[in-house]
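What follows is one structure encoded as structure tokens, with my remarks underneath.
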Amino acid sequence: MAELLTGEAREQRRAAVADLGAALRELVDAAVRTEVGAPGLAAAAAAARDLAAQLRAGQRGLLEVASVDDPVAGERWYSPVYGPGSPVAPPLLVDSEGGGRVTARVTVPKALEGPPGLAHGGTIATLLDHVLARALRSAGRGGLTATLTVTYRRPVRLGVEHVLHAEVATTEGRRSTARARIVTADDPDTVLAEGEGLFVALRPEAAAHTFAGVDHAPEAWTARP
Ligand SMILES: CCCCCCCCCCCC(=O)SCCNC(=O)CCNC(=O)[C@H](O)C(C)(C)COP(=O)(O)OP(=O)(O)OC[C@H]1O[C@@H](n2cnc3c(N)ncnc32)[C@H](O)[C@@H]1OP(=O)(O)O
């Protein structure tokens, strides 16, 4: 079981995790855009394998929560959406959240491209799903995504700053719904994509089954009063 850090030790490690995450995102961007020759690729592959071996010297299991995480607050430093430590997160930056509303910013990188120059549709769905869940969470509603409907109205372009807004729509028993949209930072009135999600909070017994083997039970997905 991973020991969760607190206080100064956690802050120091979080800074190091974020620094490595930023370096790895640079690496991913360089890797998906490189046109260096085959010998250059082979040398980079060898260096990458050396680096992986270095990081595997201390490794957590698939179900172990990271020592820098806060599973109660729902802060996950390797989230593929907003995690500062994730090499694959765009990453999404949350500007404000509370009272069932969230505003966040994102610039989609080349690694998450779909059609040339445009964000992959799955990436857009991922971003919308995340802000929907987060809006609900900021209103004290837990839950897993049961349905997600995405309407793609205009392209979301790579390398351009976008803004996402999400808000709670309905709450009833264990079910909640939320709505979200994505726009460009400099044209906030043109909606590029919209998302609607139904989230269902797990009963405690279902949560025990769903998260069996996870060392620090995530509370964010269970039923709340
Ligand atoms: C600070 C950082 C924060 C960070 C916080 C951000 C975190 C980001 C997380 C992103 C979210 C995800 O990716 S979540 C991961 C993707 N989702 C999943 O893996 C979910 C997989 N599906 C499931 O586990 C399950 O199907 C559930 C939990 C969704 C529902 O199971 P259940 O709990 O057994 O549900 P059940 O009793 O049958 O139904 C409960 C009620 O919901 C309704 N219901 C259930 N499913 C549906 C459905 N698809 N469509 C319509 N209605 C449905 C039922 O009719 C019922 O209504 P009534 O009879 O009560 O009226």
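Residue names in the structure tokens use chain letters A, B, ... in the order shown, residue numbers from 1 in each chain, and ligand numbers from 1 in the order shown.
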Selection near range 29-35 of chain A, 9 Å with only C-alpha atoms, sequence-local residues under 6 positions removed, as a JSON list (two decimals) with C-alpha atoms, in the first residue's frame:
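File produced: selection-v1.json:
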[["chain", "number", "residue", "atom", "x", "y", "z"],
["A", 41, "LEU", "CA", 15.04, 7.56, -33.50],
["A", 109, "PRO", "CA", -1.43, 19.37, -28.10],
["A", 110, "LYS", "CA", -0.36, 17.52, -31.26],
["A", 111, "ALA", "CA", -0.34, 14.17, -29.41]]
Point to revise | In range 155-208 of chain A, DSSP helix (DSSP H, G or I) residues written as a PyMOL selection string | key: chain A and resi 204-208
Could you list, with a cut-off of 10 Å and counting only C-alpha atoms and all ligand atoms, the residues of chain A near ligand 1, each shown with its nearest atom pair and the distance in Å rounded to one decimal, rows sorted by chain and ascending number, as JSON lines?
{"residue": "A:Asp70", "atom": "CA", "partner": "ligand 1", "partner_atom_place_in_ligand_line": "1 (C)", "distance": 8.8}
{"residue": "A:Pro71", "atom": "CA", "partner": "ligand 1", "partner_atom_place_in_ligand_line": "2 (C)", "distance": 9.0}
{"residue": "A:Val72", "atom": "CA", "partner": "ligand 1", "partner_atom_place_in_ligand_line": "1 (C)", "distance": 9.1}
{"residue": "A:Ala73", "atom": "CA", "partner": "ligand 1", "partner_atom_place_in_ligand_line": "1 (C)", "distance": 5.9}
{"residue": "A:Gly74", "atom": "CA", "partner": "ligand 1", "partner_atom_place_in_ligand_line": "2 (C)", "distance": 4.4}
{"residue": "A:Glu75", "atom": "CA", "partner": "ligand 1", "partner_atom_place_in_ligand_line": "1 (C)", "distance": 4.6}
{"residue": "A:Arg76", "atom": "CA", "partner": "ligand 1", "partner_atom_place_in_ligand_line": "2 (C)", "distance": 6.7}
{"residue": "A:Trp77", "atom": "CA", "partner": "ligand 1", "partner_atom_place_in_ligand_line": "2 (C)", "distance": 9.3}
{"residue": "A:Ser79", "atom": "CA", "partner": "ligand 1", "partner_atom_place_in_ligand_line": "8 (C)", "distance": 8.5}
{"residue": "A:Pro80", "atom": "CA", "partner": "ligand 1", "partner_atom_place_in_ligand_line": "8 (C)", "distance": 9.7}
{"residue": "A:Val81", "atom": "CA", "partner": "ligand 1", "partner_atom_place_in_ligand_line": "8 (C)", "distance": 8.4}
{"residue": "A:Tyr82", "atom": "CA", "partner": "ligand 1", "partner_atom_place_in_ligand_line": "2 (C)", "distance": 8.6}
{"residue": "A:Gly83", "atom": "CA", "partner": "ligand 1", "partner_atom_place_in_ligand_line": "2 (C)", "distance": 9.4}
{"residue": "A:Val94", "atom": "CA", "partner": "ligand 1", "partner_atom_place_in_ligand_line": "1 (C)", "distance": 9.3}
{"residue": "A:Glu97", "atom": "CA", "partner": "ligand 1", "partner_atom_place_in_ligand_line": "1 (C)", "distance": 9.1}
{"residue": "A:Thr126", "atom": "CA", "partner": "ligand 1", "partner_atom_place_in_ligand_line": "13 (O)", "distance": 7.8}
{"residue": "A:Leu127", "atom": "CA", "partner": "ligand 1", "partner_atom_place_in_ligand_line": "10 (C)", "distance": 9.1}
{"residue": "A:Leu128", "atom": "CA", "partner": "ligand 1", "partner_atom_place_in_ligand_line": "10 (C)", "distance": 9.2}
{"residue": "A:Asp129", "atom": "CA", "partner": "ligand 1", "partner_atom_place_in_ligand_line": "10 (C)", "distance": 5.8}
{"residue": "A:His130", "atom": "CA", "partner": "ligand 1", "partner_atom_place_in_ligand_line": "8 (C)", "distance": 4.8}
{"residue": "A:Val131", "atom": "CA", "partner": "ligand 1", "partner_atom_place_in_ligand_line": "6 (C)", "distance": 7.2}
{"residue": "A:Leu132", "atom": "CA", "partner": "ligand 1", "partner_atom_place_in_ligand_line": "10 (C)", "distance": 7.9}
{"residue": "A:Ala133", "atom": "CA", "partner": "ligand 1", "partner_atom_place_in_ligand_line": "6 (C)", "distance": 5.1}
{"residue": "A:Arg134", "atom": "CA", "partner": "ligand 1", "partner_atom_place_in_ligand_line": "6 (C)", "distance": 4.8}
{"residue": "A:Ala135", "atom": "CA", "partner": "ligand 1", "partner_atom_place_in_ligand_line": "5 (C)", "distance": 8.5}
{"residue": "A:Leu136", "atom": "CA", "partner": "ligand 1", "partner_atom_place_in_ligand_line": "5 (C)", "distance": 8.6}
{"residue": "A:Arg137", "atom": "CA", "partner": "ligand 1", "partner_atom_place_in_ligand_line": "5 (C)", "distance": 6.4}
{"residue": "A:Ser138", "atom": "CA", "partner": "ligand 1", "partner_atom_place_in_ligand_line": "3 (C)", "distance": 8.1}
{"residue": "A:Gly142", "atom": "CA", "partner": "ligand 1", "partner_atom_place_in_ligand_line": "5 (C)", "distance": 8.5}
{"residue": "A:Gly143", "atom": "CA", "partner": "ligand 1", "partner_atom_place_in_ligand_line": "28 (C)", "distance": 7.0}
{"residue": "A:Leu144", "atom": "CA", "partner": "ligand 1", "partner_atom_place_in_ligand_line": "14 (S)", "distance": 4.0}
{"residue": "A:Thr145", "atom": "CA", "partner": "ligand 1", "partner_atom_place_in_ligand_line": "17 (N)", "distance": 4.3}
{"residue": "A:Ala146", "atom": "CA", "partner": "ligand 1", "partner_atom_place_in_ligand_line": "29 (C)", "distance": 4.1}
{"residue": "A:Thr147", "atom": "CA", "partner": "ligand 1", "partner_atom_place_in_ligand_line": "49 (N)", "distance": 5.2}
{"residue": "A:Leu148", "atom": "CA", "partner": "ligand 1", "partner_atom_place_in_ligand_line": "49 (N)", "distance": 9.0}
{"residue": "A:Glu172", "atom": "CA", "partner": "ligand 1", "partner_atom_place_in_ligand_line": "61 (O)", "distance": 8.0}
{"residue": "A:Gly173", "atom": "CA", "partner": "ligand 1", "partner_atom_place_in_ligand_line": "60 (O)", "distance": 6.5}
{"residue": "A:Arg174", "atom": "CA", "partner": "ligand 1", "partner_atom_place_in_ligand_line": "41 (C)", "distance": 6.3}
{"residue": "A:Arg175", "atom": "CA", "partner": "ligand 1", "partner_atom_place_in_ligand_line": "42 (O)", "distance": 5.6}
{"residue": "A:Ser176", "atom": "CA", "partner": "ligand 1", "partner_atom_place_in_ligand_line": "42 (O)", "distance": 8.9}
{"residue": "A:Gly197", "atom": "CA", "partner": "ligand 1", "partner_atom_place_in_ligand_line": "11 (C)", "distance": 9.5}
{"residue": "A:Leu198", "atom": "CA", "partner": "ligand 1", "partner_atom_place_in_ligand_line": "50 (N)", "distance": 7.0}
{"residue": "A:Phe199", "atom": "CA", "partner": "ligand 1", "partner_atom_place_in_ligand_line": "29 (C)", "distance": 6.6}
{"residue": "A:Val200", "atom": "CA", "partner": "ligand 1", "partner_atom_place_in_ligand_line": "29 (C)", "distance": 5.0}
{"residue": "A:Ala201", "atom": "CA", "partner": "ligand 1", "partner_atom_place_in_ligand_line": "28 (C)", "distance": 6.2}
{"residue": "A:Leu202", "atom": "CA", "partner": "ligand 1", "partner_atom_place_in_ligand_line": "33 (O)", "distance": 4.8}
{"residue": "A:Arg203", "atom": "CA", "partner": "ligand 1", "partner_atom_place_in_ligand_line": "33 (O)", "distance": 6.1}
{"residue": "A:Pro204", "atom": "CA", "partner": "ligand 1", "partner_atom_place_in_ligand_line": "33 (O)", "distance": 9.5}
{"residue": "A:Glu205", "atom": "CA", "partner": "ligand 1", "partner_atom_place_in_ligand_line": "33 (O)", "distance": 9.6}
{"residue": "A:Ala206", "atom": "CA", "partner": "ligand 1", "partner_atom_place_in_ligand_line": "33 (O)", "distance": 6.7}
{"residue": "A:Ala207", "atom": "CA", "partner": "ligand 1", "partner_atom_place_in_ligand_line": "28 (C)", "distance": 8.5}
{"residue": "A:His209", "atom": "CA", "partner": "ligand 1", "partner_atom_place_in_ligand_line": "24 (O)", "distance": 9.8}
{"residue": "A:Thr210", "atom": "CA", "partner": "ligand 1", "partner_atom_place_in_ligand_line": "24 (O)", "distance": 7.1}
{"residue": "A:Ala220", "atom": "CA", "partner": "ligand 1", "partner_atom_place_in_ligand_line": "5 (C)", "distance": 6.8}
{"residue": "A:Trp221", "atom": "CA", "partner": "ligand 1", "partner_atom_place_in_ligand_line": "7 (C)", "distance": 8.1}
{"residue": "A:Thr222", "atom": "CA", "partner": "ligand 1", "partner_atom_place_in_ligand_line": "28 (C)", "distance": 8.9}
{"residue": "A:Ala223", "atom": "CA", "partner": "ligand 1", "partner_atom_place_in_ligand_line": "33 (O)", "distance": 9.1}
Review point. Could you pull out all residues of range 1-183 of chain A with a DSSP call of strand (DSSP E or B) and give them as a ChimeraX atom specification?
Key: /A:70,75,93-98,101-107,113,118-119,144-152,157,161-172,175-183
Report the closest atom pair, with its distance in Å rounded to one decimal, for each residue of range 28-131 of chain A that has an atom no farther than 12 Å from range 168-171 of chain A; count only C-alpha atoms, sort by chain and then rising residue number, and write it as JSON lines.
{"residue": "A:Glu97", "atom": "CA", "partner": "A:Val168", "partner_atom": "CA", "distance": 11.6}
{"residue": "A:Gly98", "atom": "CA", "partner": "A:Val168", "partner_atom": "CA", "distance": 10.6}
{"residue": "A:Gly99", "atom": "CA", "partner": "A:Val168", "partner_atom": "CA", "distance": 8.7}
{"residue": "A:Gly100", "atom": "CA", "partner": "A:Val168", "partner_atom": "CA", "distance": 5.2}
{"residue": "A:Arg101", "atom": "CA", "partner": "A:Val168", "partner_atom": "CA", "distance": 6.7}
{"residue": "A:Val102", "atom": "CA", "partner": "A:Val168", "partner_atom": "CA", "distance": 9.4}
{"residue": "A:Val131", "atom": "CA", "partner": "A:Val168", "partner_atom": "CA", "distance": 10.3}
Hey, can you spit out that residue selection with C-alpha atoms as a short mmCIF file (atom, residue, chain, number, x, y, z; two decimals), in the first residue's frame?
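Once written, part10.cif looks like this:
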data_model
loop_
_atom_site.label_atom_id
_atom_site.label_comp_id
_atom_site.auth_asym_id
_atom_site.auth_seq_id
_atom_site.Cartn_x
_atom_site.Cartn_y
_atom_site.Cartn_z
CA GLU A 97 -15.00 25.55 -9.43
CA GLY A 98 -17.72 25.62 -6.83
CA GLY A 99 -21.47 25.58 -6.35
CA GLY A 100 -21.97 23.21 -9.25
CA ARG A 101 -20.01 25.23 -11.82
CA VAL A 102 -16.59 24.82 -13.35
CA VAL A 131 -15.64 19.05 -16.40
#
Counting only C-alpha atoms, what is within 6 Å of range 14-24 of chain A, bar same-chain residues fewer than 6 positions away, as an mmCIF file with N, CA and C atoms, in the first residue's frame?
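This is the output file selection27.cif:
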data_model
loop_
_atom_site.group_PDB
_atom_site.id
_atom_site.type_symbol
_atom_site.label_atom_id
_atom_site.label_comp_id
_atom_site.auth_asym_id
_atom_site.auth_seq_id
_atom_site.Cartn_x
_atom_site.Cartn_y
_atom_site.Cartn_z
ATOM 1 N N PRO A 84 -0.865 17.145 -13.269
ATOM 2 C CA PRO A 84 0.420 17.800 -13.564
ATOM 3 C C PRO A 84 1.536 16.795 -13.854
ATOM 4 N N GLY A 85 1.397 15.567 -13.342
ATOM 5 C CA GLY A 85 2.442 14.564 -13.553
ATOM 6 C C GLY A 85 2.216 13.698 -14.775
ATOM 7 N N SER A 86 1.092 13.871 -15.453
ATOM 8 C CA SER A 86 0.777 12.967 -16.564
ATOM 9 C C SER A 86 1.420 13.406 -17.873
ATOM 10 N N PRO A 87 2.136 12.495 -18.548
ATOM 11 C CA PRO A 87 2.718 12.830 -19.850
ATOM 12 C C PRO A 87 1.662 12.969 -20.935
#
So that each row is one residue of range 64-127 of chain A with an atom at most 10 Å from range 182-193 of chain A, can you give its shortest atom pair and the distance in Å to one decimal, using only C-alpha atoms, rows by chain and rising number, as CSV?
residue,atom,partner,partner_atom,distance
A:Thr103,CA,A:Ile182,CA,9.9
A:Ala104,CA,A:Ile182,CA,9.4
A:Arg105,CA,A:Ala185,CA,8.2
A:Val106,CA,A:Thr184,CA,9.5
A:Thr107,CA,A:Thr184,CA,9.6
A:Gly121,CA,A:Ala193,CA,9.7
A:Ile124,CA,A:Ala193,CA,7.8
A:Ala125,CA,A:Ala193,CA,9.0
A:Leu127,CA,A:Ile182,CA,9.0
**Study point:** Separation of CA of Ala2 in chain A from CA of Gln59 in chain A in Å
**Key:** 9.8 Å
Exercise for review: Could you give me, as an MDAnalysis selection string, the residues within 10 Å of Leu63 in chain A, counting only C-alpha atoms and dropping anything in the same chain fewer than 4 positions from it?
Suggested key: chainID A and resid 1:2 211:216
Exercise for review: Please measure the separation of CA of Ser67 in chain A and CA of Leu92 in chain A, giving the value in Å to one decimal.
Suggested key: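 Separating CA of Ser67 in chain A from CA of Leu92 in chain A is a distance of 21.4 Å.
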Point to revise | Residue nearest Thr149 in chain A - candidates A:Ala45, A:Ala180, A:Ala38, A:Leu62, atoms counted: only C-alpha atoms | key: A:Ala180
Write out as a PDB file with C-alpha atoms, in the first residue's frame the residues lying within 7 Å of Leu118 in chain A, counting only C-alpha atoms and excluding same-chain residues fewer than 4 positions away.
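The resulting result-v4.pdb:
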ATOM      1  CA  GLU A 113      -4.796  15.159 -32.728  1.00  0.00           C
ATOM      2  CA  GLY A 114      -7.635  13.606 -34.715  1.00  0.00           C
ATOM      3  CA  PRO A 155     -13.665  21.988 -34.989  1.00  0.00           C
ATOM      4  CA  VAL A 156     -11.505  22.347 -31.869  1.00  0.00           C
ATOM      5  CA  ARG A 157      -8.092  23.354 -33.179  1.00  0.00           C
ATOM      6  CA  LEU A 158      -4.690  22.311 -31.899  1.00  0.00           C
TER       7      LEU A 158
END
